[in-house]
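upload-v7.txt follows (compact mmCIF, C-alpha atoms):
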```
# COMPACT_ATOMS: atom_id res chain seq x y z
CA MET B 18 0.00 0.00 0.00
CA VAL B 19 1.28 3.46 -0.93
CA ASP B 20 1.81 5.90 1.92
CA THR B 21 0.35 8.98 0.19
CA LYS B 22 1.37 11.38 2.93
CA ARG B 23 5.00 10.24 2.71
CA GLU B 24 4.95 10.33 -1.10
CA LEU B 25 3.57 13.87 -1.11
CA SER B 26 6.19 15.02 1.40
CA ARG B 27 8.91 13.91 -1.07
CA MET B 28 7.39 15.78 -4.00
CA LYS B 29 8.87 19.10 -4.93
CA THR B 30 6.71 22.17 -4.65
CA ALA B 31 6.09 24.43 -7.63
CA GLU B 32 8.28 27.00 -5.93
CA GLN B 33 11.18 24.54 -5.67
CA ILE B 34 10.76 23.38 -9.27
CA PHE B 35 10.79 26.87 -10.72
CA ASP B 36 13.54 28.17 -8.46
CA GLU B 37 15.65 25.36 -9.99
CA TRP B 38 14.53 26.26 -13.50
CA ALA B 39 15.47 29.89 -12.89
CA SER B 40 18.98 28.76 -12.07
CA ASP B 41 19.59 26.92 -15.32
CA ALA B 42 18.80 27.09 -19.03
CA ARG B 43 15.18 25.96 -18.64
CA ALA B 44 14.04 29.45 -17.61
CA ALA B 45 15.64 31.02 -20.66
CA ARG B 46 13.91 28.51 -22.94
CA MET B 47 10.41 29.13 -21.55
CA GLY B 48 9.67 31.83 -24.09
CA GLU B 49 10.82 29.89 -27.12
CA LEU B 50 9.02 26.71 -26.07
CA HIS B 51 5.70 28.24 -25.07
CA TRP B 52 5.49 31.31 -27.29
CA PRO B 53 3.39 29.74 -30.09
CA LEU B 54 0.59 28.90 -27.63
CA VAL B 55 0.99 32.07 -25.58
CA LYS B 56 0.75 34.14 -28.76
CA GLN B 57 -2.58 32.47 -29.57
CA GLY B 58 -3.88 33.28 -26.09
CA HIS B 59 -2.67 36.87 -26.28
CA ALA B 60 -4.45 37.31 -29.62
CA LEU B 61 -7.75 36.80 -27.80
CA ILE B 62 -7.10 39.67 -25.39
CA PRO B 63 -8.09 43.12 -26.73
CA GLU B 64 -6.17 46.34 -26.20
CA SER B 65 -7.00 47.92 -22.87
CA SER B 66 -6.15 50.78 -20.56
CA GLY B 67 -7.28 48.61 -17.65
CA ALA B 68 -5.34 46.18 -15.52
CA TYR B 69 -3.78 42.89 -16.59
CA LEU B 70 -2.77 40.07 -14.24
CA GLU B 71 -0.47 37.23 -15.21
CA VAL B 72 -0.40 34.24 -12.86
CA GLY B 73 2.81 32.23 -13.06
CA VAL B 74 4.84 34.95 -14.73
CA GLY B 75 7.97 32.81 -15.06
CA ASN B 76 10.84 34.72 -16.64
CA GLY B 77 8.52 37.53 -17.77
CA TYR B 78 8.54 37.00 -21.54
CA SER B 79 4.73 36.83 -21.80
CA LEU B 80 4.16 39.75 -19.42
CA ARG B 81 6.57 41.87 -21.43
CA ALA B 82 4.75 41.01 -24.67
CA MET B 83 1.38 41.95 -23.21
CA ALA B 84 2.72 45.16 -21.63
CA THR B 85 4.27 46.31 -24.92
CA ASN B 86 1.24 45.43 -27.04
CA GLN B 87 -2.30 45.29 -25.65
CA TYR B 88 -1.58 46.99 -22.29
CA THR B 89 0.70 49.89 -23.23
CA LYS B 90 -1.84 52.26 -21.64
CA GLY B 91 -2.81 49.99 -18.76
CA ARG B 92 -1.07 48.52 -15.76
CA CYS B 93 0.34 45.00 -15.57
CA LEU B 94 1.04 42.76 -12.61
CA GLY B 95 2.86 39.45 -12.83
CA ILE B 96 2.94 37.03 -9.92
CA ASP B 97 4.82 33.80 -9.30
CA VAL B 98 5.54 31.55 -6.31
CA SER B 99 9.22 31.35 -7.29
CA GLU B 100 11.40 34.19 -5.99
CA ARG B 101 14.05 33.40 -8.58
CA MET B 102 11.56 33.54 -11.45
CA VAL B 103 10.26 36.85 -10.13
CA ALA B 104 13.82 38.19 -10.16
CA LEU B 105 14.18 37.14 -13.82
CA ALA B 106 10.80 38.64 -14.73
CA ARG B 107 11.76 41.92 -13.04
CA GLU B 108 14.91 42.02 -15.19
CA THR B 109 12.87 41.27 -18.32
CA THR B 110 10.41 44.10 -17.63
CA ALA B 111 12.69 46.57 -15.83
CA ASP B 112 12.29 49.27 -18.48
CA LEU B 113 8.48 49.20 -18.33
CA ASN B 114 7.13 51.64 -15.74
CA HIS B 115 3.58 50.26 -15.87
CA VAL B 116 4.66 46.72 -14.97
CA ARG B 117 5.10 45.23 -11.51
CA VAL B 118 6.21 41.70 -10.63
CA GLU B 119 5.66 40.19 -7.18
CA VAL B 120 6.14 36.93 -5.33
CA ALA B 121 2.63 35.69 -4.56
CA ASP B 122 0.54 32.55 -4.53
CA PHE B 123 -2.69 33.02 -6.45
CA LEU B 124 -4.30 30.12 -4.59
CA GLU B 125 -3.69 31.51 -1.10
CA PRO B 126 -6.69 33.40 0.29
CA GLN B 127 -4.49 36.00 2.01
CA THR B 128 -2.91 37.05 -1.29
CA GLN B 129 -4.03 40.61 -1.96
CA LEU B 130 -4.27 41.48 -5.64
CA GLU B 131 -5.51 44.99 -6.31
CA GLY B 132 -8.17 44.41 -8.94
CA PRO B 133 -10.36 44.47 -10.77
CA TYR B 134 -8.57 43.10 -13.81
CA SER B 135 -9.77 43.40 -17.37
CA ALA B 136 -7.76 40.27 -18.25
CA ILE B 137 -6.10 37.45 -16.31
CA PHE B 138 -3.71 35.14 -18.14
CA SER B 139 -1.97 31.99 -17.04
CA MET B 140 0.09 29.46 -18.96
CA GLU B 141 1.37 26.16 -17.60
CA VAL B 142 0.44 26.83 -13.97
CA PHE B 143 -2.48 25.03 -12.42
CA TYR B 144 -1.34 21.46 -12.85
CA TYR B 145 1.58 22.18 -10.51
CA PHE B 146 -0.80 22.55 -7.58
```

Now that the file is in, can you turn its structure into structure tokens?
Amino acid sequence: MVDTKRELSRMKTAEQIFDEWASDARAARMGELHWPLVKQGHALIPESSGAYLEVGVGNGYSLRAMATNQYTKGRCLGIDVSERMVALARETTADLNHVRVEVADFLEPQTQLEGPYSAIFSMEVFYYF
């Protein structure tokens, strides 16, 4: 019989996984690997002067694309559970004054996200939880 509690305790958290990715080449490749699908998702989001939230911002490539296209007149917030990914995303978007990137867990009730948002985007996130 499988001891589920013990098995789960050995599993890496999403934060641990993506902190590791941020430390090696996998973080850099996120944009090239996922861009074709992300681009399709972005195409469905109209231009806006509202607020945009990206959950699981990763290295920031998608947030940067949205901030320099549909949300040039809005404000953008990217969140991620990985501190190292947030650091990469901050570097990626450092020249964009209307973009903020924070360490936060979207699934935690105490997470305060100043909404409302006209669009919320997430790619490759929810199956890690």

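With distances taken over all atoms listed in the file, B:Met102 is the one residue among B:Glu131, B:Met102, B:Phe138, B:Glu125 lying closest to Arg43 in chain B.
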
Residues of range 95-127 of chain B that approach range 47-67 of chain B to 12 Å or less, counting all atoms listed in the file: could you list each one with the shortest pair of atoms and its distance in Å to one decimal, rows by chain and increasing residue number, as a Markdown table?
```
| residue | atom | partner | partner_atom | distance |
| --- | --- | --- | --- | --- |
| B:Met102 | CA | B:Met47 | CA | 11.1 |
| B:Leu105 | CA | B:Met47 | CA | 11.8 |
| B:Ala106 | CA | B:Gly48 | CA | 11.6 |
| B:Thr109 | CA | B:Gly48 | CA | 11.5 |
| B:His115 | CA | B:Ser66 | CA | 10.8 |
```

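Between CA of Ala136 in chain B and CA of Arg107 in chain B the separation is 20.3 Å.
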
Checklist entry - Residues at most 6 Å from range 27-38 of chain B, counting only C-alpha atoms, excluding those fewer than 4 positions away in the same chain, as a list in words? => result Arg43, Ala44, Val98, Ser99, Arg101 and Tyr145 of chain B

Counting all atoms listed in the file, the residue among B:Ala45, B:Met140, B:Leu124, B:Val116 that lies closest to Lys90 in chain B is B:Val116

First collect every listed atom of range 115-122 of chain B; then fit an axis-aligned box around them, widen it by 4 Å on each side, and give centre and edge lengths in Å to one decimal, as lines of an AutoDock Vina configuration file.
```
center_x = 3.4
center_y = 41.4
center_z = -10.2
size_x = 13.7
size_y = 25.7
size_z = 19.3
```

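The two atoms in question, CA of Tyr134 in chain B and CA of Tyr69 in chain B, are spaced 5.5 Å apart.
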
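The interatomic distance for the pair CA of Tyr88 in chain B and CA of Gly132 in chain B works out to 15.1 Å.
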